[in-house]
file final.cif (mmCIF, C-alpha atoms)
data_start
#
loop_
_atom_site.label_atom_id
_atom_site.label_comp_id
_atom_site.auth_asym_id
_atom_site.auth_seq_id
_atom_site.Cartn_x
_atom_site.Cartn_y
_atom_site.Cartn_z
CA MET D 246 0.00 0.00 0.00
CA ILE D 247 1.04 3.59 -0.59
CA SER D 248 -0.15 6.25 1.86
CA GLU D 249 0.34 9.96 2.42
CA LYS D 250 3.49 10.92 4.31
CA GLY D 251 3.35 10.64 8.09
CA LEU D 252 3.49 7.65 10.44
CA PRO D 253 -0.02 8.06 11.92
CA ARG D 254 -1.55 8.39 8.45
CA GLN D 255 0.32 5.33 7.21
CA ARG D 256 -0.73 3.21 10.15
CA ASN D 257 -4.32 4.36 9.80
CA ALA D 258 -4.32 3.42 6.12
CA GLY D 259 -3.21 -0.06 7.13
CA LEU D 260 -5.87 -0.35 9.84
CA ASP D 261 -8.59 0.75 7.42
CA ARG D 262 -7.41 -1.84 4.89
CA ILE D 263 -7.53 -4.81 7.29
CA ALA D 264 -10.57 -3.81 9.37
CA GLY D 265 -12.88 -6.82 9.67
CA ASP D 266 -10.28 -9.12 8.12
CA CYS D 267 -8.18 -10.28 11.08
CA ASP D 268 -8.13 -10.75 14.85
CA ILE D 269 -4.68 -9.29 15.61
CA VAL D 270 -2.67 -6.48 14.05
CA VAL D 271 1.10 -6.21 14.46
CA PHE D 272 3.02 -2.96 13.94
CA TYR D 273 6.72 -3.11 13.06
CA ASP D 274 8.97 -0.20 12.19
CA ASP D 275 10.75 -0.65 8.87
CA ASP D 276 14.06 -0.89 10.74
CA PHE D 277 12.86 -3.70 13.01
CA VAL D 278 14.05 -7.26 12.44
CA PRO D 279 11.72 -9.78 14.16
CA SER D 280 12.45 -13.28 15.32
CA ARG D 281 11.17 -15.92 12.91
CA HIS D 282 8.96 -17.14 15.77
CA ALA D 283 7.50 -13.71 16.55
CA LEU D 284 4.07 -14.00 14.94
CA ALA D 285 3.48 -17.44 16.45
CA GLY D 286 4.53 -16.05 19.83
CA ILE D 287 2.08 -13.19 19.51
CA GLU D 288 -0.75 -15.61 18.81
CA THR D 289 0.29 -17.75 21.79
CA ALA D 290 0.37 -14.79 24.17
CA PHE D 291 -3.00 -13.36 23.12
CA ALA D 292 -4.62 -16.81 23.38
CA ALA D 293 -3.25 -17.26 26.91
CA LEU D 294 -4.11 -13.74 28.14
CA PRO D 295 -7.70 -12.84 27.20
CA GLU D 296 -7.63 -9.77 29.46
CA VAL D 297 -4.73 -8.25 27.50
CA ASN D 298 -5.50 -6.23 24.38
CA GLY D 299 -2.07 -4.80 23.61
CA MET D 300 1.50 -6.00 23.98
CA THR D 301 5.05 -5.13 23.04
CA GLY D 302 7.84 -7.65 22.67
CA PHE D 303 11.30 -8.26 24.07
CA LEU D 304 14.11 -6.30 22.44
CA ILE D 305 17.18 -8.40 21.82
CA ALA D 306 18.95 -5.11 21.11
CA ASP D 307 17.88 -1.52 20.45
CA GLY D 308 20.03 0.84 18.43
CA ILE D 309 17.84 3.93 18.76
CA ASN D 310 20.11 5.62 21.34
CA ALA D 311 23.32 4.46 19.67
CA PRO D 312 24.76 4.56 16.14
CA GLY D 313 22.36 1.79 15.19
CA PHE D 314 22.78 -1.71 13.75
CA SER D 315 23.32 -2.67 10.15
CA VAL D 316 20.89 -5.10 8.57
CA ASP D 317 23.52 -7.85 8.66
CA ASP D 318 24.33 -7.27 12.33
CA ALA D 319 20.65 -7.20 13.30
CA GLU D 320 19.92 -10.38 11.38
CA ALA D 321 22.89 -12.07 13.05
CA LEU D 322 21.66 -11.09 16.52
CA VAL D 323 18.18 -12.43 15.74
CA ALA D 324 19.58 -15.68 14.31
CA GLU D 325 21.68 -16.22 17.44
CA TYR D 326 18.63 -15.57 19.63
CA ASP D 327 16.45 -17.98 17.66
CA ALA D 328 19.15 -20.65 17.88
CA THR D 329 19.37 -20.43 21.67
CA VAL D 330 15.88 -19.44 22.88
CA ALA D 331 12.96 -21.79 22.25
CA PRO D 332 9.74 -20.35 20.79
CA ALA D 333 6.97 -19.46 23.23
CA GLY D 334 4.59 -22.38 23.57
CA PRO D 335 4.94 -26.02 24.65
CA GLU D 336 8.74 -25.80 24.71
CA ARG D 337 8.99 -22.59 26.72
CA ALA D 338 6.55 -20.78 28.95
CA PHE D 339 6.63 -17.09 28.02
CA GLN D 340 6.96 -14.40 30.66
CA VAL D 341 5.12 -11.13 31.25
CA LEU D 342 8.03 -8.76 31.77
CA ARG D 343 5.96 -5.68 32.65
CA GLU D 344 2.27 -4.94 32.94
CA GLY D 345 0.11 -1.85 33.30
CA LEU D 346 2.18 0.03 30.72
CA GLU D 347 1.27 3.63 29.90
CA GLY D 348 2.00 2.86 26.26
CA LEU D 349 3.58 0.31 23.96
CA TYR D 350 6.87 0.68 22.07
CA GLY D 351 5.77 1.49 18.53
CA CYS D 352 8.64 -0.34 16.81
CA ASN D 353 7.06 -3.69 17.71
CA MET D 354 3.58 -3.81 19.15
CA ALA D 355 0.44 -5.87 18.64
CA TYR D 356 -3.26 -5.30 19.40
CA ARG D 357 -6.54 -7.14 19.22
CA MET D 358 -8.56 -5.65 16.38
CA SER D 359 -11.75 -6.09 18.41
CA ALA D 360 -10.32 -3.70 21.03
CA ILE D 361 -9.19 -1.14 18.45
CA GLY D 362 -12.60 -0.85 16.83
CA GLU D 363 -12.88 2.59 15.24
CA ALA D 364 -9.89 4.06 17.08
CA ARG D 365 -7.11 5.41 14.89
CA PHE D 366 -3.73 7.11 15.33
CA ASP D 367 -3.93 10.88 15.81
CA GLU D 368 -3.07 12.51 12.47
CA ALA D 369 -2.53 15.84 14.23
CA LEU D 370 0.88 14.35 15.05
CA PRO D 371 2.61 14.77 11.67
CA LEU D 372 5.60 13.13 10.03
CA TYR D 373 7.45 10.91 12.52
CA GLY D 374 4.51 11.23 14.95
CA TRP D 375 6.51 11.56 18.17
CA GLN D 376 4.64 9.68 20.98
CA GLU D 377 1.80 8.54 18.70
CA ASP D 378 2.17 5.05 20.19
CA ILE D 379 1.51 6.34 23.73
CA ASP D 380 -1.55 8.29 22.59
CA PHE D 381 -2.98 5.33 20.69
CA ALA D 382 -2.45 2.88 23.54
CA ALA D 383 -4.22 5.20 25.99
CA ARG D 384 -7.40 4.99 23.91
CA ILE D 385 -7.51 1.19 23.67
CA PRO D 386 -9.24 -0.62 26.59
CA GLY D 387 -7.79 -3.66 28.33
CA GLY D 388 -4.41 -4.63 29.69
CA ARG D 389 -1.08 -3.63 28.12
CA ILE D 390 2.06 -5.69 28.71
CA LYS D 391 5.65 -6.27 27.68
CA THR D 392 6.40 -9.95 27.08
CA ASP D 393 9.17 -12.24 25.86
CA ALA D 394 6.63 -14.25 23.86
CA PHE D 395 8.00 -12.44 20.80
CA ALA D 396 11.27 -10.65 20.17
CA GLY D 397 13.45 -8.83 17.67
CA VAL D 398 16.10 -6.19 17.08
CA HIS D 399 15.30 -2.51 16.58
CA ARG D 400 18.09 -1.34 14.31
CA GLY D 401 17.60 2.35 15.15
CA ALA D 402 18.35 3.42 11.57
CA LYS D 403 19.21 7.11 11.39
CA SER D 404 18.30 7.68 7.72
CA GLY D 405 14.80 7.87 6.29
CA ARG D 406 13.06 9.47 9.27
CA GLU D 407 12.66 12.79 7.46
CA THR D 408 12.65 14.76 10.70
CA SER D 409 15.35 17.38 11.30
CA GLY D 410 16.83 17.88 14.73
CA ARG D 411 14.94 21.17 15.07
CA ARG D 412 11.64 19.54 14.18
CA LEU D 413 12.17 16.61 16.53
CA GLY D 414 13.19 18.91 19.35
CA TYR D 415 9.99 20.89 18.87
CA SER D 416 7.94 17.68 18.85
CA GLN D 417 9.58 16.48 22.06
CA ILE D 418 7.91 19.37 23.87
CA ALA D 419 4.86 20.31 21.80
CA ASN D 420 3.62 16.74 21.36
CA THR D 421 3.83 15.92 25.05
CA TRP D 422 2.05 19.20 25.87
CA TYR D 423 -0.66 18.40 23.32
CA LEU D 424 -1.18 14.82 24.57
CA TRP D 425 -1.30 15.91 28.22
CA ARG D 426 -3.99 18.48 27.39
CA LYS D 427 -5.78 15.85 25.31
CA GLY D 428 -5.80 13.52 28.33
CA THR D 429 -3.91 10.58 26.82
CA MET D 430 -0.63 11.23 28.63
CA SER D 431 -0.31 11.76 32.37
CA LEU D 432 1.25 14.99 33.62
CA LYS D 433 3.97 13.02 35.41
CA PHE D 434 4.92 11.08 32.28
CA ALA D 435 4.75 14.15 30.03
CA ALA D 436 6.86 16.30 32.35
CA LYS D 437 9.46 13.56 32.83
CA LEU D 438 9.74 12.97 29.07
CA ALA D 439 9.95 16.66 28.17
CA LEU D 440 12.43 17.62 30.89
CA ARG D 441 14.66 14.58 30.29
CA ASN D 442 14.94 15.30 26.57
CA THR D 443 15.45 19.03 27.08
CA ALA D 444 18.21 18.43 29.60
CA ALA D 445 19.96 15.86 27.40
CA ASN D 446 19.82 18.08 24.31
CA HIS D 447 21.23 21.13 26.04
CA LEU D 448 23.86 19.36 28.14
CA LYS D 449 25.18 17.37 25.17
CA ALA D 450 24.98 20.18 22.61
CA LEU D 451 28.67 21.10 23.11
CA ARG D 452 29.86 17.53 22.53
CA PRO D 453 27.03 15.84 20.64
CA GLU D 454 26.90 12.25 19.45
CA PRO D 455 27.77 12.09 15.72
CA TRP D 456 24.35 10.64 14.91
CA ILE D 457 22.25 13.21 16.82
CA ASP D 458 21.68 16.88 15.99
CA ARG D 459 21.68 18.06 19.61
CA LYS D 460 21.90 21.76 18.75
CA GLY D 461 18.93 21.46 16.41
CA ARG D 462 16.91 19.56 19.00
CA ALA D 463 17.77 22.09 21.70
CA ALA D 464 16.64 24.95 19.43
CA GLY D 465 13.41 23.09 18.73
CA ASN D 466 12.87 22.57 22.47
CA ARG D 467 13.24 26.28 23.15
CA ARG D 468 10.89 27.25 20.33
CA ALA D 469 8.22 24.87 21.64
CA PHE D 470 8.46 26.24 25.19
CA ALA D 471 8.17 29.78 23.84
CA GLU D 472 5.11 28.86 21.79
CA ILE D 473 3.48 27.12 24.77
CA VAL D 474 3.80 30.40 26.67
CA SER D 475 2.42 32.38 23.71
CA GLY D 476 -0.40 29.88 23.12
CA ARG D 477 0.74 28.94 19.60
CA ALA D 478 2.22 25.49 20.32
CA HIS D 479 0.80 22.58 18.32
CA PRO D 480 2.38 19.42 16.88
CA SER D 481 1.55 20.47 13.32
CA ARG D 482 3.75 23.58 13.64
CA ILE D 483 6.78 21.50 12.57
CA LEU D 484 5.38 21.62 9.06
CA ASP D 485 6.01 25.38 9.04
CA PHE D 486 9.79 25.15 9.50
#

call {"tool": "encode", "arguments": {"input": "final.cif", "output": "structure tokens"}}
result
Amino acid sequence: MISEKGLPRQRNAGLDRIAGDCDIVVFYDDDFVPSRHALAGIETAFAALPEVNGMTGFLIADGINAPGFSVDDAEALVAEYDATVAPAGPERAFQVLREGLEGLYGCNMAYRMSAIGEARFDEALPLYGWQEDIDFAARIPGGRIKTDAFAGVHRGAKSGRETSGRRLGYSQIANTWYLWRKGTMSLKFAAKLALRNTAANHLKALRPEPWIDRKGRAAGNRRAFAEIVSGRAHPSRILDF
């Protein structure tokens, strides 16, 4: 399928296409490499936990806060995992690693379609859709867990995201502000997320990681705070710069 640009729009196009056609929907980022047993593990976990409507899997490795993994390295890590860890099911009882999650990690998450119903991702969160996974999860009833029933490697690819440091920095503040006011993100979670990112961007701006535009993110943070004060802040403002 081809959809308009923007992660929420793309995911909504997929949901609209499969509505009424399946029991479970799985979302993977395009830089996620799943275990070959992942889909079977997802089925196993949902069958065993009728009270759970959403789950995220175990990350063998996550390159999002590092330079990232090549396709070959990610595939090697997954192959090693599959060779040493039995699939969830008769051979291995899966574990619930965390429950009562505020949201699910969007790079690998699965939901019951019956719980999703008419709910869709918020298209007011444009492009990369920072925190769209938290917002979506908050509107789906039922339990949310992290489990080792399915697994994979998130490569954390740095190309193809089409979001500049300045835009992402703005989204780090404006999106959390928007979702708190909307009621899908708690004040505690929103404040922690915004302050943690702002502090990291400004403290590391003098000696940034080669793969992160810290100065751009810090500038975006400051612009968002200024626009919150002036009443102009909104996630869609990143389309204006």

call {"tool": "closest_residue", "arguments": {"input": "final.cif", "among": "D:Thr289, D:Thr329, D:Ser359, D:Ser409", "to": "Tyr373 (chain D)", "atoms": "all atoms listed in the file"}}
result
D:Ser409

call {"tool": "closest_residue", "arguments": {"input": "final.cif", "among": "D:Ala436, D:Ala450, D:Ala283, D:Ala292", "to": "Phe395 (chain D)", "atoms": "only C-alpha atoms"}}
result
D:Ala283

call {"tool": "resolve_selection", "arguments": {"input": "final.cif", "expression": "the PyMOL selection byres ((chain D and resi 394) around 12)", "output": "short mmCIF file (atom, residue, chain, number, x, y, z; two decimals) with C-alpha atoms, in the frame of the given file"}}
result
data_model
loop_
_atom_site.label_atom_id
_atom_site.label_comp_id
_atom_site.auth_asym_id
_atom_site.auth_seq_id
_atom_site.Cartn_x
_atom_site.Cartn_y
_atom_site.Cartn_z
CA PRO D 279 11.72 -9.78 14.16
CA SER D 280 12.45 -13.28 15.32
CA ARG D 281 11.17 -15.92 12.91
CA HIS D 282 8.96 -17.14 15.77
CA ALA D 283 7.50 -13.71 16.55
CA LEU D 284 4.07 -14.00 14.94
CA ALA D 285 3.48 -17.44 16.45
CA GLY D 286 4.53 -16.05 19.83
CA ILE D 287 2.08 -13.19 19.51
CA GLU D 288 -0.75 -15.61 18.81
CA THR D 289 0.29 -17.75 21.79
CA ALA D 290 0.37 -14.79 24.17
CA PHE D 291 -3.00 -13.36 23.12
CA ALA D 292 -4.62 -16.81 23.38
CA ALA D 293 -3.25 -17.26 26.91
CA LEU D 294 -4.11 -13.74 28.14
CA MET D 300 1.50 -6.00 23.98
CA THR D 301 5.05 -5.13 23.04
CA GLY D 302 7.84 -7.65 22.67
CA PHE D 303 11.30 -8.26 24.07
CA LEU D 304 14.11 -6.30 22.44
CA VAL D 330 15.88 -19.44 22.88
CA ALA D 331 12.96 -21.79 22.25
CA PRO D 332 9.74 -20.35 20.79
CA ALA D 333 6.97 -19.46 23.23
CA GLY D 334 4.59 -22.38 23.57
CA PRO D 335 4.94 -26.02 24.65
CA GLU D 336 8.74 -25.80 24.71
CA ARG D 337 8.99 -22.59 26.72
CA ALA D 338 6.55 -20.78 28.95
CA PHE D 339 6.63 -17.09 28.02
CA GLN D 340 6.96 -14.40 30.66
CA VAL D 341 5.12 -11.13 31.25
CA LEU D 342 8.03 -8.76 31.77
CA MET D 354 3.58 -3.81 19.15
CA ALA D 355 0.44 -5.87 18.64
CA ILE D 390 2.06 -5.69 28.71
CA LYS D 391 5.65 -6.27 27.68
CA THR D 392 6.40 -9.95 27.08
CA ASP D 393 9.17 -12.24 25.86
CA PHE D 395 8.00 -12.44 20.80
CA ALA D 396 11.27 -10.65 20.17
CA GLY D 397 13.45 -8.83 17.67
#

call {"tool": "closest_atom_pairs", "arguments": {"input": "final.cif", "of": "region 339-441 of chain D", "to": "region 457-478 of chain D", "cutoff": "9 Å", "atoms": "all atoms listed in the file", "output": "CSV"}}
result
residue,atom,partner,partner_atom,distance
D:Lys403,CA,D:Ile457,CA,8.7
D:Ser409,CA,D:Gly461,CA,7.5
D:Gly410,CA,D:Gly461,CA,4.5
D:Arg411,CA,D:Gly461,CA,4.2
D:Arg412,CA,D:Gly465,CA,6.0
D:Leu413,CA,D:Arg462,CA,6.1
D:Gly414,CA,D:Arg462,CA,3.8
D:Tyr415,CA,D:Gly465,CA,4.1
D:Ser416,CA,D:Gly465,CA,7.7
D:Gln417,CA,D:Asn466,CA,6.9
D:Ile418,CA,D:Ala469,CA,5.9
D:Ala419,CA,D:Ala469,CA,5.7
D:Asn420,CA,D:Ala478,CA,8.9
D:Trp422,CA,D:Ile473,CA,8.1
D:Tyr423,CA,D:Ala478,CA,8.2
D:Ala439,CA,D:Asn466,CA,8.7

call {"tool": "closest_residue", "arguments": {"input": "final.cif", "among": "D:Ala364, D:Ala324, D:Ala319, D:Leu349", "to": "Arg256 (chain D)", "atoms": "all atoms listed in the file"}}
result
D:Ala364

call {"tool": "residues_near_point", "arguments": {"input": "final.cif", "point": "(12.0, 0.8, 18.2)", "cutoff": "7 Å", "atoms": "only C-alpha atoms", "output": "NGL selection string"}}
result
:D and (274 or 277 or 307 or 309 or 350-353 or 399 or 401)

call {"tool": "write_last_selection", "arguments": {"input": "final.cif", "atoms": "C-alpha atoms", "output": "PDB file, in the frame of the given file"}}
result
ATOM      1  CA  ASP D 274       8.970  -0.200  12.190  1.00  0.00           C
ATOM      2  CA  PHE D 277      12.860  -3.700  13.010  1.00  0.00           C
ATOM      3  CA  ASP D 307      17.880  -1.520  20.450  1.00  0.00           C
ATOM      4  CA  ILE D 309      17.840   3.930  18.760  1.00  0.00           C
ATOM      5  CA  TYR D 350       6.870   0.680  22.070  1.00  0.00           C
ATOM      6  CA  GLY D 351       5.770   1.490  18.530  1.00  0.00           C
ATOM      7  CA  CYS D 352       8.640  -0.340  16.810  1.00  0.00           C
ATOM      8  CA  ASN D 353       7.060  -3.690  17.710  1.00  0.00           C
ATOM      9  CA  HIS D 399      15.300  -2.510  16.580  1.00  0.00           C
ATOM     10  CA  GLY D 401      17.600   2.350  15.150  1.00  0.00           C
TER      11      GLY D 401
END

call {"tool": "resolve_selection", "arguments": {"input": "final.cif", "expression": "the PyMOL selection byres ((chain D and resi 253) around 9)", "output": "PyMOL selection string"}}
result
chain D and resi 250-252+254-258+365-374+377

call {"tool": "atom_distance", "arguments": {"input": "final.cif", "atom1": "CA of Ala382 (chain D)", "atom2": "CA of Glu347 (chain D)"}}
result
7.4 Å

call {"tool": "resolve_selection", "arguments": {"input": "final.cif", "expression": "the PyMOL selection byres ((chain D and resi 296-298) around 6)", "output": "PyMOL selection string"}}
result
chain D and resi 294-295+299+356-357+387-389

call {"tool": "atom_distance", "arguments": {"input": "final.cif", "atom1": "CA of Ile305 (chain D)", "atom2": "CA of Glu344 (chain D)"}}
result
18.9 Å

call {"tool": "closest_residue", "arguments": {"input": "final.cif", "among": "D:Pro453, D:Gly348, D:Gly259, D:Pro480", "to": "Phe272 (chain D)", "atoms": "all atoms listed in the file"}}
result
D:Gly259

call {"tool": "atom_distance", "arguments": {"input": "final.cif", "atom1": "CA of Phe314 (chain D)", "atom2": "CA of Ser248 (chain D)"}}
result
27.0 Å

call {"tool": "closest_residue", "arguments": {"input": "final.cif", "among": "D:Arg426, D:Arg441, D:Arg400, D:Lys449", "to": "Asp276 (chain D)", "atoms": "all atoms listed in the file"}}
result
D:Arg400

call {"tool": "residues_near_point", "arguments": {"input": "final.cif", "point": "(3.9, 11.8, 34.9)", "cutoff": "12 Å", "atoms": "all atoms listed in the file", "output": "VMD selection string"}}
result
chain D and resid 347 421 to 422 424 to 425 428 to 440

call {"tool": "write_last_selection", "arguments": {"input": "final.cif", "atoms": "C-alpha atoms", "output": "PDB file, in the coordinates of the input"}}
result
ATOM      1  CA  GLU D 347       1.270   3.630  29.900  1.00  0.00           C
ATOM      2  CA  THR D 421       3.830  15.920  25.050  1.00  0.00           C
ATOM      3  CA  TRP D 422       2.050  19.200  25.870  1.00  0.00           C
ATOM      4  CA  LEU D 424      -1.180  14.820  24.570  1.00  0.00           C
ATOM      5  CA  TRP D 425      -1.300  15.910  28.220  1.00  0.00           C
ATOM      6  CA  GLY D 428      -5.800  13.520  28.330  1.00  0.00           C
ATOM      7  CA  THR D 429      -3.910  10.580  26.820  1.00  0.00           C
ATOM      8  CA  MET D 430      -0.630  11.230  28.630  1.00  0.00           C
ATOM      9  CA  SER D 431      -0.310  11.760  32.370  1.00  0.00           C
ATOM     10  CA  LEU D 432       1.250  14.990  33.620  1.00  0.00           C
ATOM     11  CA  LYS D 433       3.970  13.020  35.410  1.00  0.00           C
ATOM     12  CA  PHE D 434       4.920  11.080  32.280  1.00  0.00           C
ATOM     13  CA  ALA D 435       4.750  14.150  30.030  1.00  0.00           C
ATOM     14  CA  ALA D 436       6.860  16.300  32.350  1.00  0.00           C
ATOM     15  CA  LYS D 437       9.460  13.560  32.830  1.00  0.00           C
ATOM     16  CA  LEU D 438       9.740  12.970  29.070  1.00  0.00           C
ATOM     17  CA  ALA D 439       9.950  16.660  28.170  1.00  0.00           C
ATOM     18  CA  LEU D 440      12.430  17.620  30.890  1.00  0.00           C
TER      19      LEU D 440
END

call {"tool": "axis_aligned_box", "arguments": {"input": "final.cif", "around": "region 312-329 of chain D", "padding_each_side": "8 Å", "output": "JSON"}}
result
{"center_x": 20.6, "center_y": -8.0, "center_z": 15.1, "size_x": 24.3, "size_y": 41.2, "size_z": 29.1}

call {"tool": "build_atoms", "arguments": {"input": "final.cif", "residues": "region 260-279 of chain D", "atoms": "N, CA and C atoms", "output": "PDB file, in the frame of the given file"}}
result
ATOM      1  N   LEU D 260      -4.736   0.095   9.021  1.00  0.00           N
ATOM      2  CA  LEU D 260      -5.870  -0.350   9.840  1.00  0.00           C
ATOM      3  C   LEU D 260      -7.167  -0.351   9.029  1.00  0.00           C
ATOM      4  N   ASP D 261      -7.377   0.690   8.239  1.00  0.00           N
ATOM      5  CA  ASP D 261      -8.590   0.750   7.420  1.00  0.00           C
ATOM      6  C   ASP D 261      -8.629  -0.416   6.430  1.00  0.00           C
ATOM      7  N   ARG D 262      -7.474  -0.778   5.904  1.00  0.00           N
ATOM      8  CA  ARG D 262      -7.410  -1.840   4.890  1.00  0.00           C
ATOM      9  C   ARG D 262      -7.760  -3.211   5.481  1.00  0.00           C
ATOM     10  N   ILE D 263      -7.335  -3.479   6.715  1.00  0.00           N
ATOM     11  CA  ILE D 263      -7.530  -4.810   7.290  1.00  0.00           C
ATOM     12  C   ILE D 263      -8.724  -4.910   8.229  1.00  0.00           C
ATOM     13  N   ALA D 264      -9.419  -3.798   8.453  1.00  0.00           N
ATOM     14  CA  ALA D 264     -10.570  -3.810   9.370  1.00  0.00           C
ATOM     15  C   ALA D 264     -11.559  -4.903   8.965  1.00  0.00           C
ATOM     16  N   GLY D 265     -11.939  -5.748   9.925  1.00  0.00           N
ATOM     17  CA  GLY D 265     -12.880  -6.820   9.670  1.00  0.00           C
ATOM     18  C   GLY D 265     -12.255  -8.054   9.054  1.00  0.00           C
ATOM     19  N   ASP D 266     -10.956  -8.028   8.822  1.00  0.00           N
ATOM     20  CA  ASP D 266     -10.280  -9.120   8.120  1.00  0.00           C
ATOM     21  C   ASP D 266      -9.402  -9.988   9.020  1.00  0.00           C
ATOM     22  N   CYS D 267      -9.101  -9.521  10.228  1.00  0.00           N
ATOM     23  CA  CYS D 267      -8.180 -10.280  11.080  1.00  0.00           C
ATOM     24  C   CYS D 267      -8.491 -10.026  12.545  1.00  0.00           C
ATOM     25  N   ASP D 268      -7.909 -10.858  13.404  1.00  0.00           N
ATOM     26  CA  ASP D 268      -8.130 -10.750  14.850  1.00  0.00           C
ATOM     27  C   ASP D 268      -7.049  -9.930  15.540  1.00  0.00           C
ATOM     28  N   ILE D 269      -5.827  -9.958  14.988  1.00  0.00           N
ATOM     29  CA  ILE D 269      -4.680  -9.290  15.610  1.00  0.00           C
ATOM     30  C   ILE D 269      -3.952  -8.471  14.556  1.00  0.00           C
ATOM     31  N   VAL D 270      -3.509  -7.284  14.938  1.00  0.00           N
ATOM     32  CA  VAL D 270      -2.670  -6.480  14.050  1.00  0.00           C
ATOM     33  C   VAL D 270      -1.323  -6.256  14.725  1.00  0.00           C
ATOM     34  N   VAL D 271      -0.255  -6.386  13.954  1.00  0.00           N
ATOM     35  CA  VAL D 271       1.100  -6.210  14.460  1.00  0.00           C
ATOM     36  C   VAL D 271       1.725  -5.014  13.736  1.00  0.00           C
ATOM     37  N   PHE D 272       2.333  -4.116  14.494  1.00  0.00           N
ATOM     38  CA  PHE D 272       3.020  -2.960  13.940  1.00  0.00           C
ATOM     39  C   PHE D 272       4.526  -3.140  14.121  1.00  0.00           C
ATOM     40  N   TYR D 273       5.259  -3.106  13.021  1.00  0.00           N
ATOM     41  CA  TYR D 273       6.720  -3.110  13.060  1.00  0.00           C
ATOM     42  C   TYR D 273       7.240  -1.876  12.344  1.00  0.00           C
ATOM     43  N   ASP D 274       8.264  -1.243  12.926  1.00  0.00           N
ATOM     44  CA  ASP D 274       8.970  -0.200  12.190  1.00  0.00           C
ATOM     45  C   ASP D 274       9.739  -0.857  11.042  1.00  0.00           C
ATOM     46  N   ASP D 275      10.041  -0.068  10.013  1.00  0.00           N
ATOM     47  CA  ASP D 275      10.750  -0.650   8.870  1.00  0.00           C
ATOM     48  C   ASP D 275      12.212  -0.945   9.175  1.00  0.00           C
ATOM     49  N   ASP D 276      12.702  -0.532  10.340  1.00  0.00           N
ATOM     50  CA  ASP D 276      14.060  -0.890  10.740  1.00  0.00           C
ATOM     51  C   ASP D 276      14.051  -1.894  11.886  1.00  0.00           C
ATOM     52  N   PHE D 277      12.978  -2.657  11.980  1.00  0.00           N
ATOM     53  CA  PHE D 277      12.860  -3.700  13.010  1.00  0.00           C
ATOM     54  C   PHE D 277      13.007  -5.059  12.350  1.00  0.00           C
ATOM     55  N   VAL D 278      13.833  -5.913  12.955  1.00  0.00           N
ATOM     56  CA  VAL D 278      14.050  -7.260  12.440  1.00  0.00           C
ATOM     57  C   VAL D 278      13.491  -8.256  13.461  1.00  0.00           C
ATOM     58  N   PRO D 279      12.347  -8.880  13.180  1.00  0.00           N
ATOM     59  CA  PRO D 279      11.720  -9.780  14.160  1.00  0.00           C
ATOM     60  C   PRO D 279      12.308 -11.180  14.144  1.00  0.00           C
TER      61      PRO D 279
END
